[in-house]
Amino acid sequence: MSTSPLDLGRPTTARAATRAQGRSLRGERDRRLRRRVLAGTLAVFVAVWLVLLLRLTAGDDPALARARAESDAAGARAATQVLQQRATASATASAATVRRLQAQLTAQRAAATRAEHRLASESAAAARLRQRLRAAAKASSAAAASVAATSSQAASAATPSTTSTTPSASTPSSSDTTSTATTPSTSSGSSTTSTTTSSGSTDTSSSAAPVTTSTS
Amino acid sequence: MDPTTHLFWITSRAAGTAALVLAGASVTLGLSMGGRVVRGAAADRRTVHEALSLGVMAALAVHAVALLGDHYLQPSLLDVTVPFVSDYKTGWTSLGIIAGWATVLLGLSFYARRRIGMSRWRVIHRFTLLAWIAGIVHTLGEGTDAHEPWFLGLVAATTLPAVVALGWRVSERGVTRPQGSVARA
């Protein structure tokens, strides 16, 4: 322990008292400094703690906000996935419906085509039948006209014989020839009857011309 | 939001932040003690430096112990005291644990400096700077508030003075090697 120049000449007890006083002052100052540091430490701790608590209460805590954002993002991803699955299922069902409707449409088009073909063939058959009917009607009219002409000829021929006094006139001569020929028609299926009448009388030959009747 | 369920968590965060602030102040003061940056009141600076170091250790203890009550992480005592045990951000957590233990051991070595030897203790004590840097890296890598402007401002306010003091100390050491004393770190 060295002696300070200021302590030279002082009594030993006085120097010791001065050193003790200095140590006491130093100790007191150190304690005061430690208390200040301790107070500062606690102040920093409490200040930061309050800041964190206020931010937490206000919902601004970075970790919780990040966790909440991640949770929201996960929820959004899950919802999007569900929507995508629903959209995919709906699209699949729609595609199946479209395919089914397309198949139905194709089948209906084919049926319509077949019906058109059938209608066309039936129309052609009906046209042919109408033509045959018209031809038959014409033949029938002609036959009726022929029958009528034959009847009128027969009537006109019968009228002079009833007024004649000679019996030879009413009696057919041996030279009179009446022939009837019937020829079947292959086209219409009806028969054609040809009747040729020849009168051998000379006096009435002017009005008795051969008549050919065709009946269909 | 019910804050009562997160009290341990915010307590741990506040303690870690306080430890970072106090460590910055302590490192700055320690660097100023070793050189000629600040003159006078060496005993006061030593007392404050020592008190700040003890405050850092206490804050680190609260930082670790408070995590034990967090119901979200639910760490065990080994998770918060032994590196590479915790599954939660293992790298950053382990770096913080190593930095914490280094800070505590190097700080407490002050009281065993006579047994260690002054020159040897002075060399060892310089590694406190590495522990402090590791603590900053742990904070920025894992800290919940690491990206908050107020927190970054706080870290900058406590880090920049230490960086300036370190630069001054290194440049001064290049000119003259100061005579160390027991109190100088």
# chains A, B, ... in the order shown; residues from 1 in each chain; ligands from 1

call {"tool": "closest_atom_pairs", "arguments": {"of": "chain A", "to": "chain B", "cutoff": "8 Å", "atoms": "only C-alpha atoms", "output": "JSON lines"}}
result
{"residue": "A:Asp30", "atom": "CA", "partner": "B:Thr47", "partner_atom": "CA", "distance": 6.1}
{"residue": "A:Leu33", "atom": "CA", "partner": "B:Val48", "partner_atom": "CA", "distance": 6.4}
{"residue": "A:Arg34", "atom": "CA", "partner": "B:Ala51", "partner_atom": "CA", "distance": 5.7}
{"residue": "A:Val37", "atom": "CA", "partner": "B:Ala51", "partner_atom": "CA", "distance": 6.4}
{"residue": "A:Leu38", "atom": "CA", "partner": "B:Gly55", "partner_atom": "CA", "distance": 7.0}
{"residue": "A:Thr41", "atom": "CA", "partner": "B:Gly55", "partner_atom": "CA", "distance": 6.6}
{"residue": "A:Val44", "atom": "CA", "partner": "B:Ala18", "partner_atom": "CA", "distance": 5.9}
{"residue": "A:Phe45", "atom": "CA", "partner": "B:Ala18", "partner_atom": "CA", "distance": 5.3}
{"residue": "A:Val46", "atom": "CA", "partner": "B:Ala14", "partner_atom": "CA", "distance": 7.6}
{"residue": "A:Val48", "atom": "CA", "partner": "B:Ala14", "partner_atom": "CA", "distance": 5.3}
{"residue": "A:Trp49", "atom": "CA", "partner": "B:Ala14", "partner_atom": "CA", "distance": 5.0}
{"residue": "A:Leu52", "atom": "CA", "partner": "B:Ile10", "partner_atom": "CA", "distance": 6.3}
{"residue": "A:Leu53", "atom": "CA", "partner": "B:Pro3", "partner_atom": "CA", "distance": 6.9}
{"residue": "A:Leu56", "atom": "CA", "partner": "B:Pro3", "partner_atom": "CA", "distance": 6.5}
{"residue": "A:Thr57", "atom": "CA", "partner": "B:Met1", "partner_atom": "CA", "distance": 5.8}
{"residue": "A:Ala58", "atom": "CA", "partner": "B:Met1", "partner_atom": "CA", "distance": 7.7}
{"residue": "A:Gly59", "atom": "CA", "partner": "B:Met1", "partner_atom": "CA", "distance": 6.5}
{"residue": "A:Pro62", "atom": "CA", "partner": "B:Asp145", "partner_atom": "CA", "distance": 6.7}
{"residue": "A:Ala63", "atom": "CA", "partner": "B:Thr144", "partner_atom": "CA", "distance": 6.0}

call {"tool": "write_last_selection", "arguments": {"atoms": "C-alpha atoms", "output": "PDB file, in the first residue's frame"}}
result
ATOM      1  CA  ASP A  30     -20.706   2.271  -7.033  1.00  0.00           C
ATOM      2  CA  LEU A  33     -24.308   3.522 -10.249  1.00  0.00           C
ATOM      3  CA  ARG A  34     -25.433  -0.094  -9.942  1.00  0.00           C
ATOM      4  CA  VAL A  37     -27.975   0.527 -14.177  1.00  0.00           C
ATOM      5  CA  LEU A  38     -30.472  -1.812 -12.576  1.00  0.00           C
ATOM      6  CA  THR A  41     -32.253  -2.381 -17.174  1.00  0.00           C
ATOM      7  CA  VAL A  44     -35.752  -1.175 -20.867  1.00  0.00           C
ATOM      8  CA  PHE A  45     -37.275  -4.552 -20.060  1.00  0.00           C
ATOM      9  CA  VAL A  46     -40.617  -3.123 -18.948  1.00  0.00           C
ATOM     10  CA  VAL A  48     -40.163  -3.467 -24.421  1.00  0.00           C
ATOM     11  CA  TRP A  49     -42.559  -5.769 -22.586  1.00  0.00           C
ATOM     12  CA  LEU A  52     -44.973  -6.115 -27.172  1.00  0.00           C
ATOM     13  CA  LEU A  53     -48.095  -6.453 -25.017  1.00  0.00           C
ATOM     14  CA  LEU A  56     -50.233  -8.166 -29.160  1.00  0.00           C
ATOM     15  CA  THR A  57     -53.471  -6.735 -27.762  1.00  0.00           C
ATOM     16  CA  ALA A  58     -53.942  -4.567 -30.837  1.00  0.00           C
ATOM     17  CA  GLY A  59     -53.477  -7.587 -33.075  1.00  0.00           C
ATOM     18  CA  PRO A  62     -45.756  -9.860 -36.298  1.00  0.00           C
ATOM     19  CA  ALA A  63     -45.612 -13.554 -35.451  1.00  0.00           C
TER      20      ALA A  63
END

call {"tool": "residues_around", "arguments": {"residues": "range 108-118 of chain B", "least_positions_apart": "3", "cutoff": "9 Å", "atoms": "only C-alpha atoms", "output": "list of chain:residue names"}}
result
B:Glu50, B:Ser53, B:Leu54, B:Thr103, B:Val104, B:Leu105, B:Trp121, B:Arg122, B:Val123, B:Ile124, B:His125, B:Ser181, B:Val182

call {"tool": "residues_around", "arguments": {"residues": "Ile97 in chain B", "least_positions_apart": "6", "cutoff": "7 Å", "atoms": "only C-alpha atoms", "output": "NGL selection string"}}
result
:B and (80-83)

call {"tool": "atom_distance", "arguments": {"atom1": "CA of Gly91 in chain B", "atom2": "CA of Ile136 in chain B"}}
result
14.0 Å

call {"tool": "atom_distance", "arguments": {"atom1": "CA of Ile133 in chain B", "atom2": "CA of Thr159 in chain B"}}
result
9.4 Å
